[in-house]
Every structure is written in C-alpha cells, then in structure tokens.
file entry_9.csv (CSV, C-alpha atoms)
chain,number,residue,atom,x,y,z
G,1,MET,CA,48.1,46.2,16.9
G,2,LYS,CA,45.3,45.0,19.2
G,3,GLN,CA,42.8,45.5,16.4
G,4,LEU,CA,44.9,43.4,14.1
G,5,PHE,CA,45.3,40.7,16.7
G,6,SER,CA,41.5,40.6,17.3
G,7,PHE,CA,40.8,40.4,13.6
G,8,LEU,CA,43.2,37.5,13.1
G,9,THR,CA,41.7,35.7,16.1
G,10,ILE,CA,38.2,36.0,14.6
G,11,VAL,CA,39.4,34.7,11.2
G,12,ILE,CA,41.1,31.7,12.9
G,13,LEU,CA,38.0,30.9,15.0
G,14,LEU,CA,35.7,31.2,12.0
G,15,ALA,CA,38.0,28.8,10.0
G,16,ILE,CA,37.9,26.3,12.9
G,17,ALA,CA,34.1,26.6,13.1
G,18,LEU,CA,33.7,26.0,9.3
G,19,VAL,CA,36.0,22.9,9.4
G,20,SER,CA,34.0,21.6,12.4
G,21,LEU,CA,30.6,21.8,10.6
G,22,PRO,CA,29.2,18.3,9.8
G,23,ALA,CA,29.2,17.3,6.1
G,24,THR,CA,25.9,16.7,4.3
G,25,VAL,CA,24.9,13.2,5.1
G,26,ASP,CA,24.5,10.9,2.2
G,27,ALA,CA,23.3,7.3,2.4
G,28,HIS,CA,21.8,4.4,0.5
G,29,GLN,CA,18.6,5.4,-1.3
G,30,PRO,CA,15.9,3.4,0.4
G,31,TYR,CA,13.0,1.5,-1.4
G,32,CYS,CA,10.5,-0.8,0.2
G,33,GLU,CA,8.8,-4.0,-0.9
G,34,PHE,CA,5.2,-2.8,-0.7
G,35,SER,CA,4.2,-5.4,-3.3
G,36,ASP,CA,5.7,-8.9,-3.3
G,37,LEU,CA,8.6,-9.4,-5.7
G,38,THR,CA,8.4,-12.4,-8.0
G,39,SER,CA,10.2,-13.6,-11.1
G,40,ASP,CA,7.4,-11.8,-13.1
G,41,SER,CA,7.5,-8.7,-10.9
G,42,VAL,CA,11.1,-7.8,-10.3
G,43,TRP,CA,12.7,-4.6,-8.9
G,44,GLU,CA,14.7,-2.9,-11.6
G,45,VAL,CA,17.8,-1.2,-10.1
G,46,PRO,CA,17.8,2.3,-11.6
G,47,ASP,CA,21.6,2.7,-11.7
G,48,SER,CA,24.0,0.0,-10.5
G,49,THR,CA,26.7,2.6,-9.7
G,50,VAL,CA,24.4,4.4,-7.2
G,51,SER,CA,23.9,3.0,-3.7
G,52,TYR,CA,20.4,1.6,-3.0
G,53,ALA,CA,19.0,-0.3,0.0
G,54,TYR,CA,15.8,-2.3,-0.9
G,55,TYR,CA,13.9,-3.3,2.2
G,56,GLY,CA,12.4,-6.6,1.4
G,57,ASN,CA,10.3,-9.3,3.1
G,58,LEU,CA,10.8,-13.0,2.8
G,59,TYR,CA,7.1,-13.9,3.2
G,60,PRO,CA,5.6,-16.4,2.9
G,61,GLN,CA,8.1,-19.0,3.8
G,62,THR,CA,8.7,-20.2,0.3
G,63,ASP,CA,9.2,-16.6,-1.0
G,64,ILE,CA,12.0,-15.8,-3.4
G,65,ASP,CA,12.6,-12.1,-4.3
G,66,TYR,CA,14.1,-11.0,-7.6
G,67,PHE,CA,16.1,-8.0,-8.8
G,68,ILE,CA,17.7,-7.0,-12.1
G,69,PHE,CA,20.5,-4.5,-12.8
G,70,GLU,CA,22.4,-3.4,-15.9
G,71,ALA,CA,26.2,-3.5,-15.8
G,72,THR,CA,29.0,-3.0,-18.4
G,73,GLU,CA,31.9,-5.3,-19.0
G,74,GLY,CA,34.5,-5.0,-16.2
G,75,GLN,CA,32.2,-2.9,-14.0
G,76,SER,CA,32.5,-3.8,-10.3
G,77,VAL,CA,29.1,-3.8,-8.6
G,78,LEU,CA,28.8,-3.9,-4.8
G,79,LEU,CA,26.3,-6.5,-3.6
G,80,SER,CA,25.4,-7.2,0.0
G,81,LEU,CA,22.6,-8.0,2.5
G,82,SER,CA,21.8,-6.2,5.7
G,83,ILE,CA,19.5,-7.6,8.3
G,84,PRO,CA,17.5,-5.0,10.3
G,85,ALA,CA,18.1,-5.6,14.0
G,86,ILE,CA,14.5,-6.7,14.8
G,87,GLU,CA,13.8,-9.0,17.7
G,88,GLY,CA,14.0,-12.6,16.6
G,89,GLN,CA,16.2,-11.9,13.6
G,90,GLU,CA,19.5,-12.4,15.3
G,91,ASP,CA,20.2,-15.6,13.3
G,92,PHE,CA,18.3,-14.7,10.2
G,93,ALA,CA,20.6,-15.5,7.2
G,94,PRO,CA,19.2,-15.3,3.7
G,95,VAL,CA,21.3,-16.2,0.7
G,96,MET,CA,21.8,-14.5,-2.7
G,97,VAL,CA,22.6,-15.7,-6.2
G,98,VAL,CA,23.5,-13.7,-9.3
G,99,PHE,CA,22.5,-14.9,-12.8
G,100,GLY,CA,24.3,-13.7,-15.9
G,101,PRO,CA,26.3,-14.6,-19.0
G,102,GLU,CA,29.6,-16.3,-18.7
G,103,LEU,CA,28.8,-17.5,-15.1
G,104,ASP,CA,29.0,-21.1,-13.9
G,105,MET,CA,26.3,-23.3,-15.4
G,106,ASP,CA,27.0,-26.1,-12.8
G,107,THR,CA,25.8,-23.8,-10.0
G,108,LEU,CA,22.2,-24.0,-11.4
G,109,ALA,CA,21.9,-27.6,-10.4
G,110,ALA,CA,22.5,-26.8,-6.7
G,111,LEU,CA,19.8,-24.2,-6.5
G,112,PRO,CA,16.3,-24.8,-5.2
G,113,GLU,CA,13.9,-26.1,-7.8
G,114,GLU,CA,11.5,-23.2,-7.2
G,115,ILE,CA,14.1,-20.6,-8.4
G,116,VAL,CA,13.4,-19.2,-11.9
G,117,ALA,CA,16.7,-18.9,-13.7
G,118,PRO,CA,17.0,-16.7,-16.8
G,119,GLU,CA,17.3,-18.9,-19.9
G,120,GLY,CA,20.8,-19.6,-21.1
G,121,GLN,CA,22.6,-17.9,-18.2
G,122,GLY,CA,24.8,-19.3,-15.5
G,123,ALA,CA,24.9,-18.4,-11.8
G,124,MET,CA,27.1,-17.8,-8.8
G,125,MET,CA,26.3,-17.7,-5.2
G,126,VAL,CA,27.3,-14.4,-3.6
G,127,PRO,CA,29.8,-14.9,-0.7
G,128,LEU,CA,28.5,-12.9,2.2
G,129,GLY,CA,30.9,-14.0,4.9
G,130,GLU,CA,30.6,-16.3,7.9
G,131,GLU,CA,29.2,-13.8,10.5
G,132,PRO,CA,27.5,-10.5,10.1
G,133,GLU,CA,28.7,-7.3,11.9
G,134,TYR,CA,26.4,-5.5,14.3
G,135,TRP,CA,26.3,-2.0,13.1
G,136,PHE,CA,24.6,1.4,13.8
G,137,GLU,CA,23.5,3.4,10.8
G,138,PRO,CA,23.7,7.1,11.7
G,139,PHE,CA,21.5,8.5,8.9
G,140,GLY,CA,18.4,6.4,9.7
G,141,GLN,CA,19.4,5.9,13.4
G,142,ARG,CA,18.9,2.1,13.2
G,143,TYR,CA,20.9,-1.0,14.0
G,144,TYR,CA,21.6,-3.8,11.5
G,145,TRP,CA,23.5,-7.1,11.2
G,146,ASN,CA,25.6,-6.4,8.1
G,147,TRP,CA,27.0,-9.2,5.9
G,148,ASP,CA,30.2,-8.7,4.0
G,149,ASN,CA,30.3,-6.5,0.8
G,150,TYR,CA,31.0,-8.5,-2.3
G,151,PHE,CA,32.2,-6.8,-5.5
G,152,PHE,CA,30.7,-8.6,-8.6
G,153,ASP,CA,32.8,-8.0,-11.7
G,154,ALA,CA,30.5,-8.1,-14.7
G,155,PRO,CA,32.0,-10.3,-17.4
G,156,GLN,CA,30.2,-8.4,-20.2
G,157,ASP,CA,27.6,-5.7,-21.0
G,158,ALA,CA,24.3,-7.4,-19.9
G,159,THR,CA,21.3,-7.4,-17.6
G,160,TYR,CA,22.0,-9.4,-14.5
G,161,THR,CA,19.4,-11.0,-12.1
G,162,VAL,CA,19.7,-11.4,-8.4
G,163,ALA,CA,17.5,-13.8,-6.3
G,164,VAL,CA,17.2,-13.7,-2.5
G,165,TRP,CA,15.7,-16.4,-0.4
G,166,HIS,CA,16.2,-18.3,2.9
G,167,PRO,CA,17.6,-21.9,2.6
G,168,GLU,CA,15.5,-23.0,5.6
G,169,GLN,CA,12.4,-21.1,4.4
G,170,GLU,CA,12.3,-18.8,7.5
G,171,LEU,CA,10.3,-15.6,7.6
G,172,GLY,CA,12.2,-12.4,8.0
G,173,ARG,CA,13.0,-8.9,6.8
G,174,TYR,CA,16.2,-7.9,5.0
G,175,SER,CA,17.8,-5.1,3.0
G,176,PHE,CA,19.3,-5.8,-0.4
G,177,VAL,CA,22.2,-3.4,-0.9
G,178,ILE,CA,23.6,-2.6,-4.3
G,179,GLY,CA,26.0,0.1,-5.6
G,180,GLU,CA,28.5,2.4,-4.0
G,181,GLU,CA,27.9,6.1,-4.9
G,182,GLU,CA,25.9,7.5,-2.0
G,183,ILE,CA,23.5,10.2,-3.4
G,184,ARG,CA,20.6,11.5,-1.4
G,185,GLY,CA,17.2,10.3,-2.6
G,186,GLY,CA,14.9,7.3,-2.5
G,187,ASP,CA,11.3,6.6,-1.9
G,188,GLN,CA,9.8,9.0,0.7
G,189,GLU,CA,6.9,6.6,1.5
G,190,CYS,CA,9.5,3.9,2.3
G,191,MET,CA,11.3,6.2,4.7
G,192,ALA,CA,8.1,7.2,6.4
G,193,SER,CA,7.2,3.5,7.0
G,194,PHE,CA,10.4,2.5,8.8
G,195,ASP,CA,8.7,2.3,12.2
G,196,ASP,CA,6.3,-0.3,10.8
G,197,TYR,CA,9.0,-2.1,9.0
G,198,TRP,CA,11.1,-2.5,12.2
G,199,THR,CA,8.7,-5.1,13.6
G,200,PRO,CA,8.8,-8.9,13.3
G,201,LEU,CA,7.0,-10.7,10.5
G,202,VAL,CA,4.1,-12.8,11.7
G,203,ASP,CA,3.0,-15.9,9.9
G,204,GLY,CA,-0.5,-15.3,8.6
G,205,GLU,CA,-0.3,-11.5,8.6
G,206,ASN,CA,0.4,-10.2,5.1
G,207,PRO,CA,3.2,-7.5,5.2
G,208,TYR,CA,2.4,-6.2,1.7
G,209,ARG,CA,0.1,-3.4,0.8
G,210,GLU,CA,-1.3,-5.1,-2.3
G,211,MET,CA,-4.3,-6.3,-0.3
G,212,MET,CA,-5.0,-2.8,1.0
G,213,VAL,CA,-4.5,-0.7,-2.1
G,214,MET,CA,-6.9,-1.9,-4.7
G,215,ASP,CA,-6.6,1.0,-7.2
G,216,ASP,CA,-4.4,4.1,-7.5
G,217,ASN,CA,-7.1,5.8,-9.6
G,218,HIS,CA,-9.4,7.9,-7.4
G,219,MET,CA,-12.2,10.5,-7.9
G,220,HIS,CA,-12.1,14.2,-7.1
G,221,ALA,CA,-14.9,16.5,-6.1
G,222,ASP,CA,-15.4,17.6,-9.7
G,223,GLY,CA,-16.0,13.9,-10.7
G,224,SER,CA,-12.7,13.6,-12.5
G,225,THR,CA,-10.2,10.8,-11.9
G,226,HIS,CA,-6.5,10.5,-12.2
G,227,ASP,CA,-3.8,8.0,-11.6
G,228,HIS,CA,-0.9,8.5,-9.3
G,229,SER,CA,0.7,5.1,-10.0
G,230,THR,CA,2.0,5.7,-13.5
G,231,LEU,CA,5.2,7.6,-13.9
G,232,ILE,CA,5.9,10.0,-16.7
G,233,GLU,CA,9.4,9.1,-17.8
G,234,LEU,CA,11.6,12.1,-18.9
G,235,SER,CA,15.0,12.3,-20.6
G,236,PRO,CA,17.8,13.1,-18.1
G,237,ASP,CA,18.9,15.9,-20.5
G,238,SER,CA,15.7,17.9,-20.3
G,239,ALA,CA,14.1,16.7,-17.0
G,240,PRO,CA,13.2,19.3,-14.4
G,241,ILE,CA,15.2,19.7,-11.2
G,242,VAL,CA,13.5,20.6,-7.9
G,243,ASP,CA,15.2,22.2,-4.8
G,244,LEU,CA,13.3,22.3,-1.4
G,245,GLN,CA,14.2,24.8,1.3
G,246,VAL,CA,12.3,25.0,4.6
G,247,ILE,CA,12.8,28.2,6.6
G,248,PRO,CA,11.9,28.3,10.3
G,249,LEU,CA,10.2,31.6,11.3
G,250,SER,CA,10.2,33.3,14.7
G,251,ASP,CA,6.5,32.5,15.4
G,252,GLY,CA,7.1,28.7,15.1
G,253,THR,CA,5.8,28.4,11.6
G,254,TYR,CA,7.8,27.7,8.4
G,255,ASN,CA,8.2,29.1,4.9
G,256,VAL,CA,8.6,26.5,2.3
G,257,ARG,CA,10.4,27.4,-0.9
G,258,VAL,CA,10.2,25.1,-4.0
G,259,GLN,CA,12.6,26.2,-6.7
G,260,THR,CA,12.6,24.4,-10.1
G,261,LEU,CA,14.7,24.3,-13.2
G,262,ASN,CA,13.1,23.3,-16.6
G,263,PHE,CA,9.7,23.4,-14.9
G,264,GLU,CA,6.9,26.0,-14.5
G,265,PHE,CA,3.9,25.9,-12.1
G,266,ALA,CA,0.7,25.9,-14.1
G,267,PRO,CA,-2.3,25.9,-11.8
G,268,GLN,CA,-4.5,27.1,-14.6
G,269,ASN,CA,-4.0,23.7,-16.4
G,270,ILE,CA,-4.7,21.4,-13.4
G,271,GLY,CA,-6.4,18.2,-14.6
G,272,MET,CA,-5.5,18.8,-18.2
G,273,GLU,CA,-3.2,16.7,-20.4
G,274,PRO,CA,0.5,16.6,-19.6
G,275,VAL,CA,2.6,19.4,-21.1
G,276,ALA,CA,6.4,19.1,-21.0
G,277,GLY,CA,8.0,21.5,-18.5
G,278,GLU,CA,4.8,22.4,-16.5
G,279,GLY,CA,2.6,21.1,-13.7
G,280,HIS,CA,2.5,21.4,-10.0
G,281,ALA,CA,4.1,19.9,-6.8
G,282,HIS,CA,3.0,17.8,-3.9
G,283,LEU,CA,4.3,18.5,-0.4
G,284,TYR,CA,4.8,15.6,2.0
G,285,ILE,CA,5.6,15.1,5.7
G,286,ASP,CA,6.9,11.6,6.4
G,287,GLY,CA,5.4,10.4,3.1
G,288,VAL,CA,1.9,11.8,3.8
G,289,LYS,CA,0.7,14.4,1.3
G,290,ILE,CA,-0.3,17.6,3.1
G,291,ALA,CA,-0.6,20.1,0.3
G,292,ARG,CA,-0.6,20.7,-3.5
G,293,ILE,CA,1.9,23.4,-4.4
G,294,TYR,CA,1.2,25.9,-7.2
G,295,GLY,CA,4.1,28.3,-6.8
G,296,GLU,CA,7.5,28.9,-5.4
G,297,TRP,CA,6.4,29.7,-1.8
G,298,TYR,CA,4.1,27.9,0.6
G,299,HIS,CA,3.5,28.7,4.3
G,300,LEU,CA,3.5,25.7,6.6
G,301,GLU,CA,1.8,26.3,9.9
G,302,THR,CA,3.3,23.5,12.0
G,303,LEU,CA,5.1,20.2,11.9
G,304,PRO,CA,3.6,17.1,13.6
G,305,GLU,CA,5.3,15.9,16.7
G,306,GLY,CA,8.0,13.4,15.8
G,307,ALA,CA,8.1,14.4,12.2
G,308,GLN,CA,11.3,13.3,10.5
G,309,MET,CA,11.2,14.4,6.9
G,310,ILE,CA,9.7,17.1,4.6
G,311,SER,CA,9.7,16.3,0.9
G,312,VAL,CA,8.4,17.6,-2.4
G,313,GLY,CA,7.7,15.9,-5.7
G,314,LEU,CA,6.9,17.3,-9.2
G,315,TYR,CA,3.7,16.2,-11.0
G,316,ALA,CA,2.3,16.7,-14.4
G,317,ASN,CA,-1.0,18.6,-15.1
G,318,ASN,CA,-2.9,15.3,-14.9
G,319,HIS,CA,-1.3,14.5,-11.5
G,320,GLN,CA,1.1,11.7,-12.7
G,321,PRO,CA,4.5,11.9,-11.0
G,322,LEU,CA,7.5,12.9,-13.2
G,323,ALA,CA,10.5,10.6,-13.1
G,324,VAL,CA,13.9,9.8,-14.7
G,325,ASP,CA,14.9,6.2,-15.0
G,326,GLY,CA,12.1,5.1,-12.8
G,327,VAL,CA,13.0,7.4,-9.9
G,328,GLU,CA,10.5,10.2,-9.1
G,329,ILE,CA,11.8,13.8,-9.3
G,330,THR,CA,11.9,14.9,-5.6
G,331,ASP,CA,13.8,16.7,-3.0
G,332,MET,CA,13.7,16.4,0.8
G,333,VAL,CA,14.7,18.1,4.0
G,334,MET,CA,15.4,16.2,7.2
G,335,VAL,CA,13.7,17.7,10.2
G,336,GLU,CA,16.6,16.9,12.5
G,337,GLU,CA,18.9,18.9,10.3
G,338,LEU,CA,16.4,21.7,10.0
G,339,ILE,CA,16.2,22.1,13.8
G,340,ALA,CA,20.0,22.0,14.1
G,341,SER,CA,20.4,24.7,11.5
G,342,SER,CA,17.9,27.0,13.3
G,343,GLU,CA,19.6,26.8,16.7
call {"tool": "encode", "arguments": {"input": "entry_9.csv", "output": "structure tokens"}}
result
Amino acid sequence: MKQLFSFLTIVILLAIALVSLPATVDAHQPYCEFSDLTSDSVWEVPDSTVSYAYYGNLYPQTDIDYFIFEATEGQSVLLSLSIPAIEGQEDFAPVMVVFGPELDMDTLAALPEEIVAPEGQGAMMVPLGEEPEYWFEPFGQRYYWNWDNYFFDAPQDATYTVAVWHPEQELGRYSFVIGEEEIRGGDQECMASFDDYWTPLVDGENPYREMMVMDDNHMHADGSTHDHSTLIELSPDSAPIVDLQVIPLSDGTYNVRVQTLNFEFAPQNIGMEPVAGEGHAHLYIDGVKIARIYGEWYHLETLPEGAQMISVGLYANNHQPLAVDGVEITDMVMVEELIASSE
C-alpha cells in the first residue's frame, strides 16, 4: 500500500511540474530599417496574417516610411504602432495612413503634399487612440509605449500601402506592428542590434547602414567573390527546413546540432553554382557569423559574455541565403532559455 501511495504521489507531482513549465515564447518577428524606406524602396510584408514588428526610424525630419501588404476581401489585418521607451520619446507620436481600393478619396486632400499615394486608390487614417499604454515586452525584455491595435478590414483582394510619418516632423524611432499570428522568426541581425537601436536619434547622425555597407560582394582568399545580399527564393512546398539544437556539455562547451529536411550538406561543392536541395549553413551569435557549417554536428567552445541568441541559416553552394517569400530559412535558440534548460 505504501508503494502504491508513493507511486501515485510521484505521478501527481510530475503532472504538476509539467503543467508549471513555461510555454514556448512566441512574439512579433522583428525586422529593422537598416536602409531608409521610401516610396520607391518599401518594406513588403511577407504575410499579413503573421505578426511582424518593423523597427523604423523617422529620419531625417521630413522622412516618410512606406510598407505594402497583401490582403484578401474581408480579411481583418491588425495594424498598430509601438514607440520604444527611449529617453526623449515620451511624447513621440507618429501617424499612419492606409491606401487601397474602395477607401475614401477625400482623405487624400488632407495628407501632406510630400506623401506619395498609389494612383487611383483612396486612403484612411489609422485610429491609434488618444494615449499610448506603457508596456513591458517579456520576450525582448524592453519597454514600449503602445498605441491601440486597429483591425483593418480589407474591402477586396488587393495590395495595400501604409505610410508612417510625424505630423510635426520630429525625429524618432518606432515599431510598425502588423498581423496577429505569433510565430518565432525574424531577422537575426535586427535582434542583435537592439542595444544600438534603443538610443535616441541625433540630428546629423545617419542611423542607417547604407553609408557604411557599400557592397555585399566580397573576395575570398582564393580570389573568388560571392554575394550574400541576394536571396534565392524557393517554393514553400519544396523548401528546406532547419532545426537548431544547442546542447550544453559538462566542460562548459556546447554541441550544436543542425538537422535539415529537403537539404543536404555539400562541402565538396562550395563556391559552385546553386543546386536545389544542397549547400551549407552559417552559425551566428547575436547576428555575427562565427562559423560555416558543413554537417549535422559542430562543437562550440564558448559563448561570449552577454550573448543572447544563437542562430543558423541555410545557404546555397554559391553562399546566397535560401528564403521563402522573402524570409530567410533560419532557426534560433535563445541563450536565456538554453541556460534555464540546463539548470
């Protein structure tokens, strides 16, 4: 009887422990404005049903940022703005307009002359509320001033344009939020740059990287060049899938496991023409590449102090990143979760 009681006690305790485990954290997929958005250089939302947070800059003072998204008739698309809680941005309040078919043509007359409106489309100002809510975002461990969510009901199947600007032409940083379904992902380099992003904009100091990165093509020791900037777009039906696992070892090092589906490592073809279903991977820590991966296992000696994220991306033989609908094929492990799982 005592043995049965002990067994039942263990089962109950295990059940309680399992229920108490934290769920996997999902959040907006972050992307950053490393190059200034304009009416000729817009950010195309990959999927308006998925939740994205685009970290933008209204710089210079006359800046207007543009986004486009696809929606089907009757689809309700979440739109909002969040203002990073950076010193001096307490009262920073950009505004947002949506352009599309069957929207009010009279709204166009009230917009600033500098705004480029798509030909033949009407517009509506997005109501964001009267006061933002001060809010702590647990995934990124950051504070924001969040404006109200607005659900835009698409009147027909179409491409819609969003423009963001400040009516008093103030400098500042913002996050354009679109979509509801929270799926882990986003731009690793954007995540790694958050510490730099959480600083005030300064007039006369260019916040974009376009002045620093002149060319994505670069030369290797063998004299060959390749281009990391051009994505190789793949069909969702046949695209590879990558899964990253990081296993802490007793000596303080880590085993990294990169498992793939519809993809084979082909170190013998490095630098050759792309071949469907083969290539190699890049391993990153906080957006900085630390290794080229040619197989399922890699031994990582150490993590830098303060490291936040380990990620991996799949690349073709010629070093171009593989992507689906403009989003690179990647996976990531957050260091905080890794440490918690090993304790």
call {"tool": "atom_distance", "arguments": {"input": "entry_9.csv", "atom1": "atom CA of Asp237 of chain G", "atom2": "atom CA of His280 of chain G"}}
result
20.2 Å
call {"tool": "closest_residue", "arguments": {"input": "entry_9.csv", "among": "G:Glu273, G:Val333, G:Ala192, G:Gly326", "to": "Arg257 of chain G", "atoms": "all atoms listed in the file"}}
result
G:Val333
call {"tool": "closest_residue", "arguments": {"input": "entry_9.csv", "among": "G:Ser35, G:Thr302, G:Thr107, G:Gln169", "to": "Gln61 of chain G", "atoms": "only C-alpha atoms"}}
result
G:Gln169
call {"tool": "residues_around", "arguments": {"input": "entry_9.csv", "residues": "segment 43-46 of chain G", "least_positions_apart": "4", "cutoff": "7 Å", "atoms": "only C-alpha atoms", "output": "ChimeraX atom specification"}}
result
/G:66-69,325-326
call {"tool": "residues_around", "arguments": {"input": "entry_9.csv", "residues": "segment 81-85 of chain G", "least_positions_apart": "2", "cutoff": "8 Å", "atoms": "all atoms listed in the file", "output": "PyMOL selection string"}}
result
chain G and resi 79+87+89-90+92+128+142-148+173-177+198
